[in-house]
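Note sheet for the following structure.
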Amino acid sequence: MPSQPDPLALAQAGHAKAIVQVVRAELRRQGWCAQLSFTDELLHIQLLGSPLPPHVTTAQIWQMLKRLRIPRLGQIEIQAYQGAQLLWQRSLRLGSRRRTDRFAFDSLTVNIWALPMAFGVALMVNTISLLQLFHLPWHIWIHELGHATIAWWSGYRALPLPFGWTSISLQQDPFVYFGILFLLSLLFWSGWKERILWLKGLAILLALLQFYMTWIMPKPMKEMLFVFGGVGGEFYLSTFLIACFYCRFPDRWRWDFWRFVVLGIAASSLWKSFWQWHGIQLGLAEIPWGTLFGGQGDTGGDMNRLNYDFGWSADQIIQTYSWLGNLCVLLVIGVYGFFLLRMNNEIWLDLQTRWILWINDVRGSGKRH
């Protein structure tokens, strides 16, 4: 008599009935009773009770399906019931998302090529004189915003202007503190409402930083950061804006098209500042003493004040800004790699589930001991 075909081989070949049969048998072997269906690349799993937390159960099921090498899975819907009551449900989308929308946040093509192209544009902007003149006001504005953000987060009024000047009040203003805190509350609320975890975390982090800088940080430290924040802002604000390109904002704050414009400006500013201080570190250029209007002889420049007012040596100035530039470039590369990885749902899901199961095993070991 001819031998019966192996159900696992049939399942791995993509036969729908065999996929349901194999997955049901594997779930039963692990002590789970379930009803399954598989249609149009959607695997629907209804668990009849689940003693483990939802995230652990979902992680175990994903690792099981990965081990079985089940093909044609585009989406997995998992529901857990206690009798007729739905306890919880999870949805897993698989495969790399390849949307054709040029402005889509989850377009793999856009997210692969946007940053390399932005730095290609940055290279041209910082090489061609006409483009340098066009970009210079934006670069100066980012510099002045660097001063202003330190002032705002320290409770001072500040007005950054794109021609090389930032007006900062002499006294703290409670309106600044509570106004920014109110905006951060709106940021947190929007993230909570639309379940955007990174936005909630950012709002909390910025609120804690604002509290420390306004009420705890010594005034001499604030004054030093006001001065440092100009060139510092060229690095950290540019890096922040580049990172925001890959972050989904709440619907009312979406900036689908304009994020490309901001990416080009931020990448050009980061490139300009990084290579400027890289050249200074190598001895190919001098520290930018003085001011935009007064020239190198103006002792009110940021570098002059760091040197005269706060005792920074020339080497300390160079090393600090060079280190900050290196850190920001590494952060940009890290953000780029992270979001490319995040775009591949299967790889990202595999990392998540491995982490969840590892944490669960560690907790289980701790309880046994």
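Labels for the structure tokens follow display order: chains A, B, ..., residues from 1 in each chain, ligands from 1.
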As a PyMOL selection string, please: the residues near range 329-340 of chain A (cut-off 7 Å, only C-alpha atoms, same-chain neighbours under 4 positions excluded). chain A and resi 111-112+239+243+246+325+344
Do you have, as a tab-separated table, the list of residues of range 267-316 of chain A lying at most 12 Å from range 222-235 of chain A, each with its nearest atom pair and that distance in Å to one decimal, counting only C-alpha atoms and ordered by chain then number?
residue	atom	partner	partner_atom	distance
A:Ala267	CA	A:Phe235	CA	9.9
A:Ser268	CA	A:Glu234	CA	10.1
A:Ser269	CA	A:Glu234	CA	6.4
A:Leu270	CA	A:Phe235	CA	5.7
A:Trp271	CA	A:Phe235	CA	9.1
A:Lys272	CA	A:Glu234	CA	9.0
A:Ser273	CA	A:Glu234	CA	6.6
A:Phe274	CA	A:Phe235	CA	7.8
A:Trp275	CA	A:Phe235	CA	11.4
A:Gln276	CA	A:Val231	CA	10.9
A:Trp277	CA	A:Val231	CA	10.1
A:Ile287	CA	A:Val231	CA	11.5
A:Pro288	CA	A:Val231	CA	10.2
A:Thr291	CA	A:Gly230	CA	11.7
A:Gly300	CA	A:Val227	CA	10.0
A:Gly301	CA	A:Val227	CA	8.6
A:Asp302	CA	A:Val227	CA	5.5
A:Met303	CA	A:Val227	CA	8.1
A:Asn304	CA	A:Val227	CA	9.7
A:Arg305	CA	A:Val227	CA	7.3
A:Leu306	CA	A:Val227	CA	7.1
A:Asn307	CA	A:Met224	CA	10.7
A:Tyr308	CA	A:Met224	CA	11.4
A:Asp309	CA	A:Met224	CA	8.6
A:Phe310	CA	A:Met224	CA	7.0
A:Gly311	CA	A:Met224	CA	10.3
A:Trp312	CA	A:Met224	CA	10.3
* Selection near range 151-155 of chain A, 10 Å with only C-alpha atoms, sequence-local residues under 5 positions removed, as an NGL selection string -> :A and (145-146 or 166-169 or 171-181 or 206-207 or 209-217 or 219 or 222-223 or 225-226 or 229)
Requested write-out: C-alpha atoms of the selected residues, as a compact mmCIF listing (two decimals), in the first residue's frame:
# COMPACT_ATOMS: atom_id res chain seq x y z
CA LEU A 145 17.08 76.99 18.38
CA GLY A 146 19.84 75.17 20.22
CA THR A 166 18.53 84.68 20.23
CA SER A 167 16.95 86.93 22.81
CA ILE A 168 16.82 85.30 26.28
CA SER A 169 15.09 86.86 29.31
CA GLN A 171 14.58 86.11 34.83
CA GLN A 172 12.71 82.82 34.84
CA ASP A 173 9.05 83.01 33.82
CA PRO A 174 6.59 80.49 35.32
CA PHE A 175 4.46 80.87 32.18
CA VAL A 176 7.27 79.28 30.15
CA TYR A 177 7.53 76.29 32.49
CA PHE A 178 3.80 75.59 32.74
CA GLY A 179 3.21 76.38 29.07
CA ILE A 180 5.76 73.79 27.94
CA LEU A 181 4.49 71.35 30.56
CA LEU A 206 11.19 65.78 28.44
CA ALA A 207 8.97 66.70 31.40
CA LEU A 209 14.33 67.01 32.09
CA GLN A 210 12.39 70.27 32.19
CA PHE A 211 11.72 69.92 35.93
CA TYR A 212 15.39 69.27 36.66
CA MET A 213 16.69 72.10 34.48
CA THR A 214 14.14 74.62 35.77
CA TRP A 215 14.06 73.92 39.49
CA ILE A 216 17.20 71.94 40.40
CA MET A 217 20.05 72.76 38.01
CA LYS A 219 22.21 78.80 37.53
CA LYS A 222 22.30 76.84 32.94
CA GLU A 223 24.29 79.83 31.70
CA LEU A 225 24.47 75.35 28.63
CA PHE A 226 22.88 78.46 27.05
CA GLY A 229 23.63 74.86 23.16
**Item:** range 21-168 of chain A: residues DSSP assigns to strand (DSSP E or B), reported as a PyMOL selection string
**Value:** chain A and resi 34-39+42-48+75-82+85-93+96+156-161+165-168
Atoms to include: N, CA and C atoms. Write the selected residues as a CSV table (one decimal), in the first residue's frame.
chain,number,residue,atom,x,y,z
A,34,ALA,N,-7.5,24.2,21.0
A,34,ALA,CA,-7.8,25.3,20.1
A,34,ALA,C,-8.6,25.0,18.9
A,35,GLN,N,-9.3,25.9,18.4
A,35,GLN,CA,-10.0,25.8,17.1
A,35,GLN,C,-9.2,26.7,16.1
A,36,LEU,N,-9.0,26.2,14.9
A,36,LEU,CA,-8.2,26.9,13.9
A,36,LEU,C,-8.9,27.0,12.6
A,37,SER,N,-8.5,28.0,11.8
A,37,SER,CA,-8.9,28.1,10.4
A,37,SER,C,-7.8,28.8,9.7
A,38,PHE,N,-7.7,28.5,8.4
A,38,PHE,CA,-6.6,29.1,7.6
A,38,PHE,C,-7.2,29.5,6.2
A,39,THR,N,-7.3,30.7,5.9
A,39,THR,CA,-7.8,31.2,4.6
A,39,THR,C,-7.1,32.5,4.2
A,42,LEU,N,-4.4,34.0,6.3
A,42,LEU,CA,-4.8,34.4,7.6
A,42,LEU,C,-5.0,33.1,8.4
A,43,LEU,N,-4.2,33.0,9.5
A,43,LEU,CA,-4.3,31.9,10.4
A,43,LEU,C,-5.0,32.4,11.6
A,44,HIS,N,-6.2,31.8,11.9
A,44,HIS,CA,-7.1,32.3,13.0
A,44,HIS,C,-7.0,31.2,14.1
A,45,ILE,N,-6.5,31.5,15.3
A,45,ILE,CA,-6.4,30.6,16.4
A,45,ILE,C,-7.3,31.0,17.5
A,46,GLN,N,-8.2,30.2,17.9
A,46,GLN,CA,-9.1,30.4,19.1
A,46,GLN,C,-8.7,29.4,20.2
A,47,LEU,N,-8.0,30.0,21.2
A,47,LEU,CA,-7.6,29.2,22.4
A,47,LEU,C,-8.7,29.1,23.4
A,48,LEU,N,-8.9,27.9,23.9
A,48,LEU,CA,-10.0,27.7,24.9
A,48,LEU,C,-9.3,27.7,26.2
A,75,GLN,N,-0.9,36.9,8.2
A,75,GLN,CA,-1.4,37.5,9.4
A,75,GLN,C,-1.9,36.3,10.3
A,76,ILE,N,-1.7,36.5,11.6
A,76,ILE,CA,-2.1,35.6,12.6
A,76,ILE,C,-3.0,36.3,13.6
A,77,GLU,N,-4.2,35.8,13.8
A,77,GLU,CA,-5.1,36.3,14.8
A,77,GLU,C,-5.3,35.3,15.9
A,78,ILE,N,-5.0,35.7,17.1
A,78,ILE,CA,-5.0,34.8,18.3
A,78,ILE,C,-6.1,35.4,19.2
A,79,GLN,N,-7.0,34.5,19.6
A,79,GLN,CA,-8.0,34.9,20.6
A,79,GLN,C,-8.1,33.8,21.7
A,80,ALA,N,-8.2,34.3,22.9
A,80,ALA,CA,-8.3,33.3,24.1
A,80,ALA,C,-9.7,33.5,24.7
A,81,TYR,N,-10.4,32.4,24.9
A,81,TYR,CA,-11.7,32.4,25.5
A,81,TYR,C,-11.8,31.6,26.8
A,82,GLN,N,-12.6,32.0,27.7
A,82,GLN,CA,-12.9,31.3,28.9
A,82,GLN,C,-14.4,31.0,28.8
A,85,GLN,N,-16.6,33.8,27.0
A,85,GLN,CA,-16.1,35.1,27.2
A,85,GLN,C,-14.7,35.3,26.5
A,86,LEU,N,-14.6,36.3,25.8
A,86,LEU,CA,-13.3,36.6,25.2
A,86,LEU,C,-12.4,37.3,26.2
A,87,LEU,N,-11.2,36.6,26.5
A,87,LEU,CA,-10.3,37.1,27.5
A,87,LEU,C,-9.4,38.1,26.9
A,88,TRP,N,-8.8,37.8,25.7
A,88,TRP,CA,-7.9,38.8,25.1
A,88,TRP,C,-7.7,38.3,23.6
A,89,GLN,N,-7.2,39.2,22.8
A,89,GLN,CA,-6.8,38.9,21.4
A,89,GLN,C,-5.6,39.6,21.0
A,90,ARG,N,-4.8,39.0,20.1
A,90,ARG,CA,-3.6,39.6,19.5
A,90,ARG,C,-3.6,39.4,18.0
A,91,SER,N,-3.1,40.4,17.3
A,91,SER,CA,-3.0,40.3,15.9
A,91,SER,C,-1.5,40.5,15.5
A,92,LEU,N,-1.0,39.5,14.7
A,92,LEU,CA,0.4,39.6,14.2
A,92,LEU,C,0.4,39.7,12.7
A,93,ARG,N,1.1,40.7,12.2
A,93,ARG,CA,1.2,40.9,10.7
A,93,ARG,C,2.6,40.5,10.4
A,96,SER,N,7.6,41.8,5.1
A,96,SER,CA,8.1,43.1,5.0
A,96,SER,C,7.0,44.0,4.3
A,156,TYR,N,13.1,80.0,31.0
A,156,TYR,CA,13.4,81.4,30.5
A,156,TYR,C,12.7,81.6,29.1
A,157,ARG,N,12.2,82.8,28.9
A,157,ARG,CA,11.7,83.2,27.6
A,157,ARG,C,12.8,83.3,26.6
A,158,ALA,N,12.6,82.9,25.4
A,158,ALA,CA,13.7,83.0,24.4
A,158,ALA,C,13.0,83.1,23.0
A,159,LEU,N,13.7,84.0,22.2
A,159,LEU,CA,13.2,84.2,20.8
A,159,LEU,C,14.3,83.9,19.9
A,160,PRO,N,14.4,82.8,19.2
A,160,PRO,CA,15.5,82.5,18.2
A,160,PRO,C,15.1,83.1,16.9
A,161,LEU,N,16.1,83.8,16.3
A,161,LEU,CA,15.9,84.5,15.0
A,161,LEU,C,16.9,83.9,14.0
A,165,TRP,N,20.8,85.5,16.1
A,165,TRP,CA,20.6,86.1,17.4
A,165,TRP,C,19.4,85.4,18.1
A,166,THR,N,19.6,85.2,19.4
A,166,THR,CA,18.5,84.7,20.2
A,166,THR,C,18.4,85.5,21.5
A,167,SER,N,17.2,86.1,21.6
A,167,SER,CA,16.9,86.9,22.8
A,167,SER,C,16.5,86.0,24.0
A,168,ILE,N,17.2,86.1,25.1
A,168,ILE,CA,16.8,85.3,26.3
A,168,ILE,C,16.6,86.2,27.5
Practice problem: Just the residues within 12 Å of Val23 in chain A, please, counting only C-alpha atoms, with nothing from its chain fewer than 3 positions along; format it as a PyMOL selection string. | Solution: chain A and resi 7-8+11-12+16-20+26-30+32-38+43-46+61-70
With N, CA and C atoms retained, could you export that selection as a short mmCIF file (atom, residue, chain, number, x, y, z; two decimals), in the first residue's frame?
data_model
loop_
_atom_site.label_atom_id
_atom_site.label_comp_id
_atom_site.auth_asym_id
_atom_site.auth_seq_id
_atom_site.Cartn_x
_atom_site.Cartn_y
_atom_site.Cartn_z
N PRO A 7 1.96 14.84 7.16
CA PRO A 7 1.20 16.10 7.32
C PRO A 7 2.10 17.33 7.42
N LEU A 8 3.25 17.19 8.10
CA LEU A 8 4.14 18.33 8.24
C LEU A 8 4.72 18.74 6.89
N ALA A 11 2.05 20.55 5.11
CA ALA A 11 1.87 21.89 5.69
C ALA A 11 2.97 22.82 5.22
N GLN A 12 4.21 22.32 5.20
CA GLN A 12 5.32 23.15 4.76
C GLN A 12 5.27 23.42 3.26
N ALA A 16 -3.54 24.06 2.98
CA ALA A 16 -4.28 24.71 4.06
C ALA A 16 -4.75 23.72 5.11
N LYS A 17 -5.34 22.61 4.68
CA LYS A 17 -5.86 21.63 5.65
C LYS A 17 -4.73 21.04 6.48
N ALA A 18 -3.60 20.79 5.85
CA ALA A 18 -2.46 20.23 6.58
C ALA A 18 -1.89 21.24 7.57
N ILE A 19 -1.91 22.52 7.20
CA ILE A 19 -1.44 23.56 8.13
C ILE A 19 -2.29 23.57 9.38
N VAL A 20 -3.61 23.54 9.21
CA VAL A 20 -4.52 23.52 10.36
C VAL A 20 -4.29 22.27 11.19
N GLU A 26 0.24 20.44 17.26
CA GLU A 26 1.34 20.99 18.04
C GLU A 26 0.82 21.75 19.26
N LEU A 27 -0.27 22.48 19.09
CA LEU A 27 -0.87 23.17 20.23
C LEU A 27 -1.37 22.17 21.27
N ARG A 28 -1.98 21.09 20.80
CA ARG A 28 -2.47 20.07 21.73
C ARG A 28 -1.32 19.41 22.47
N ARG A 29 -0.19 19.22 21.76
CA ARG A 29 0.97 18.61 22.40
C ARG A 29 1.52 19.49 23.51
N GLN A 30 1.35 20.81 23.36
CA GLN A 30 1.80 21.73 24.39
C GLN A 30 0.75 22.02 25.46
N TRP A 32 -2.56 22.96 24.88
CA TRP A 32 -3.57 23.96 24.54
C TRP A 32 -4.63 23.34 23.65
N CYS A 33 -5.88 23.60 23.97
CA CYS A 33 -6.98 23.18 23.12
C CYS A 33 -7.41 24.38 22.29
N ALA A 34 -7.54 24.20 20.99
CA ALA A 34 -7.79 25.35 20.13
C ALA A 34 -8.60 24.97 18.92
N GLN A 35 -9.31 25.93 18.39
CA GLN A 35 -9.99 25.82 17.10
C GLN A 35 -9.24 26.69 16.10
N LEU A 36 -9.02 26.17 14.89
CA LEU A 36 -8.21 26.88 13.91
C LEU A 36 -8.90 26.97 12.57
N SER A 37 -8.53 27.99 11.82
CA SER A 37 -8.93 28.11 10.43
C SER A 37 -7.82 28.83 9.68
N PHE A 38 -7.68 28.52 8.39
CA PHE A 38 -6.62 29.14 7.59
C PHE A 38 -7.18 29.46 6.21
N LEU A 43 -4.17 32.98 9.48
CA LEU A 43 -4.32 31.87 10.42
C LEU A 43 -5.04 32.39 11.65
N HIS A 44 -6.23 31.82 11.89
CA HIS A 44 -7.05 32.25 13.01
C HIS A 44 -7.01 31.17 14.08
N ILE A 45 -6.54 31.53 15.28
CA ILE A 45 -6.40 30.57 16.38
C ILE A 45 -7.29 31.03 17.52
N GLN A 46 -8.22 30.15 17.93
CA GLN A 46 -9.07 30.41 19.09
C GLN A 46 -8.68 29.45 20.19
N ILE A 61 3.46 30.87 20.67
CA ILE A 61 2.80 30.43 19.43
C ILE A 61 3.63 30.85 18.22
N TRP A 62 4.17 32.08 18.22
CA TRP A 62 4.97 32.51 17.09
C TRP A 62 6.22 31.65 16.93
N GLN A 63 6.92 31.39 18.04
CA GLN A 63 8.11 30.56 17.96
C GLN A 63 7.78 29.14 17.49
N MET A 64 6.61 28.64 17.88
CA MET A 64 6.17 27.33 17.42
C MET A 64 5.96 27.33 15.90
N LEU A 65 5.26 28.34 15.39
CA LEU A 65 5.00 28.43 13.95
C LEU A 65 6.31 28.61 13.18
N LYS A 66 7.23 29.37 13.75
CA LYS A 66 8.53 29.55 13.10
C LYS A 66 9.29 28.23 13.04
N ARG A 67 9.21 27.47 14.12
CA ARG A 67 9.90 26.18 14.18
C ARG A 67 9.29 25.19 13.18
N LEU A 68 7.97 25.25 13.00
CA LEU A 68 7.31 24.35 12.05
C LEU A 68 7.52 24.78 10.60
N ARG A 69 8.01 26.02 10.41
CA ARG A 69 8.25 26.59 9.07
C ARG A 69 6.99 26.56 8.21
N ILE A 70 5.93 27.10 8.79
CA ILE A 70 4.66 27.17 8.08
C ILE A 70 4.71 28.32 7.08
#
Could you name the residues that touch range 183-191 of chain A at 8 Å or less, counting only C-alpha atoms, but leaving out those on the same chain fewer than 6 positions away, as a list in words?
Leu197, Trp198, Leu199, Lys200, Gly201, Ala203, Ile204, Leu206, Ala207 and Pro250 of chain A
Output as a PyMOL selection string all residues of range 59-238 of chain A that backbone DSSP marks as helix (DSSP H, G or I). chain A and resi 59-68+108-125+129-153+174-193+197-216+219-238
Restricted to C-alpha atoms, what would the selected residues look like written as a compact mmCIF listing (two decimals), in the first residue's frame?
# COMPACT_ATOMS: atom_id res chain seq x y z
CA ALA A 59 5.44 34.63 21.84
CA GLN A 60 5.27 30.84 22.30
CA ILE A 61 2.80 30.43 19.43
CA TRP A 62 4.97 32.51 17.09
CA GLN A 63 8.11 30.56 17.96
CA MET A 64 6.17 27.33 17.42
CA LEU A 65 5.00 28.43 13.95
CA LYS A 66 8.53 29.55 13.10
CA ARG A 67 9.90 26.18 14.18
CA LEU A 68 7.31 24.35 12.05
CA LEU A 108 10.08 49.88 3.09
CA THR A 109 11.44 51.53 -0.06
CA VAL A 110 11.04 55.04 1.37
CA ASN A 111 12.67 54.14 4.67
CA ILE A 112 15.60 52.42 2.98
CA TRP A 113 16.49 55.24 0.60
CA ALA A 114 15.34 58.43 2.35
CA LEU A 115 18.32 58.85 4.70
CA PRO A 116 21.09 57.93 2.19
CA MET A 117 19.51 60.31 -0.33
CA ALA A 118 19.22 63.02 2.33
CA PHE A 119 22.93 62.77 3.08
CA GLY A 120 23.63 62.79 -0.65
CA VAL A 121 21.70 66.07 -0.83
CA ALA A 122 23.61 67.26 2.25
CA LEU A 123 26.90 66.61 0.47
CA MET A 124 25.79 68.70 -2.50
CA VAL A 125 24.41 71.47 -0.26
CA SER A 129 28.17 77.59 -3.08
CA LEU A 130 24.68 78.55 -4.29
CA LEU A 131 23.08 75.75 -2.26
CA GLN A 132 25.16 76.73 0.77
CA LEU A 133 23.69 80.24 0.62
CA PHE A 134 20.19 78.76 0.46
CA HIS A 135 20.79 76.43 3.40
CA LEU A 136 22.72 78.87 5.62
CA PRO A 137 19.64 80.59 7.18
CA TRP A 138 18.21 77.19 8.12
CA HIS A 139 21.51 76.13 9.65
CA ILE A 140 21.73 79.37 11.62
CA TRP A 141 18.15 78.93 12.82
CA ILE A 142 18.92 75.43 14.10
CA HIS A 143 21.93 76.93 15.90
CA GLU A 144 19.73 79.58 17.52
CA LEU A 145 17.08 76.99 18.38
CA GLY A 146 19.84 75.17 20.22
CA HIS A 147 20.26 78.22 22.47
CA ALA A 148 16.50 78.67 22.79
CA THR A 149 15.66 75.08 23.73
CA ILE A 150 18.08 75.22 26.65
CA ALA A 151 16.45 78.49 27.77
CA TRP A 152 12.89 77.17 27.39
CA TRP A 153 13.62 73.99 29.29
CA PRO A 174 6.59 80.49 35.32
CA PHE A 175 4.46 80.87 32.18
CA VAL A 176 7.27 79.28 30.15
CA TYR A 177 7.53 76.29 32.49
CA PHE A 178 3.80 75.59 32.74
CA GLY A 179 3.21 76.38 29.07
CA ILE A 180 5.76 73.79 27.94
CA LEU A 181 4.49 71.35 30.56
CA PHE A 182 0.98 71.78 29.15
CA LEU A 183 2.26 71.05 25.63
CA LEU A 184 4.07 67.96 26.90
CA SER A 185 0.81 66.86 28.56
CA LEU A 186 -0.95 67.15 25.20
CA LEU A 187 1.89 65.16 23.66
CA PHE A 188 1.47 62.42 26.25
CA TRP A 189 -2.31 62.42 25.88
CA SER A 190 -2.07 62.07 22.09
CA GLY A 191 0.39 59.21 22.47
CA TRP A 192 -1.86 57.51 25.03
CA LYS A 193 -4.98 57.98 22.93
CA LEU A 197 4.49 54.21 23.08
CA TRP A 198 7.55 56.21 22.01
CA LEU A 199 5.58 59.45 22.15
CA LYS A 200 4.46 58.83 25.73
CA GLY A 201 8.01 57.97 26.75
CA LEU A 202 9.37 61.11 25.05
CA ALA A 203 6.82 63.34 26.81
CA ILE A 204 7.70 61.89 30.23
CA LEU A 205 11.44 62.16 29.59
CA LEU A 206 11.19 65.78 28.44
CA ALA A 207 8.97 66.70 31.40
CA LEU A 208 11.49 65.22 33.86
CA LEU A 209 14.33 67.01 32.09
CA GLN A 210 12.39 70.27 32.19
CA PHE A 211 11.72 69.92 35.93
CA TYR A 212 15.39 69.27 36.66
CA MET A 213 16.69 72.10 34.48
CA THR A 214 14.14 74.62 35.77
CA TRP A 215 14.06 73.92 39.49
CA ILE A 216 17.20 71.94 40.40
CA LYS A 219 22.21 78.80 37.53
CA PRO A 220 25.90 78.81 36.42
CA MET A 221 25.33 75.44 34.76
CA LYS A 222 22.30 76.84 32.94
CA GLU A 223 24.29 79.83 31.70
CA MET A 224 27.04 77.55 30.42
CA LEU A 225 24.47 75.35 28.63
CA PHE A 226 22.88 78.46 27.05
CA VAL A 227 26.23 79.15 25.40
CA PHE A 228 27.06 75.52 24.64
CA GLY A 229 23.63 74.86 23.16
CA GLY A 230 24.18 76.81 19.97
CA VAL A 231 26.67 74.50 18.29
CA GLY A 232 25.33 71.69 20.46
CA GLY A 233 21.89 72.25 18.94
CA GLU A 234 23.35 71.90 15.46
CA PHE A 235 24.11 68.34 16.49
CA TYR A 236 21.36 67.21 18.83
CA LEU A 237 18.44 69.05 17.17
CA SER A 238 19.49 67.83 13.71
From CA of Arg24 in chain A to CA of Pro71 in chain A the spacing works out at 15.6 Å
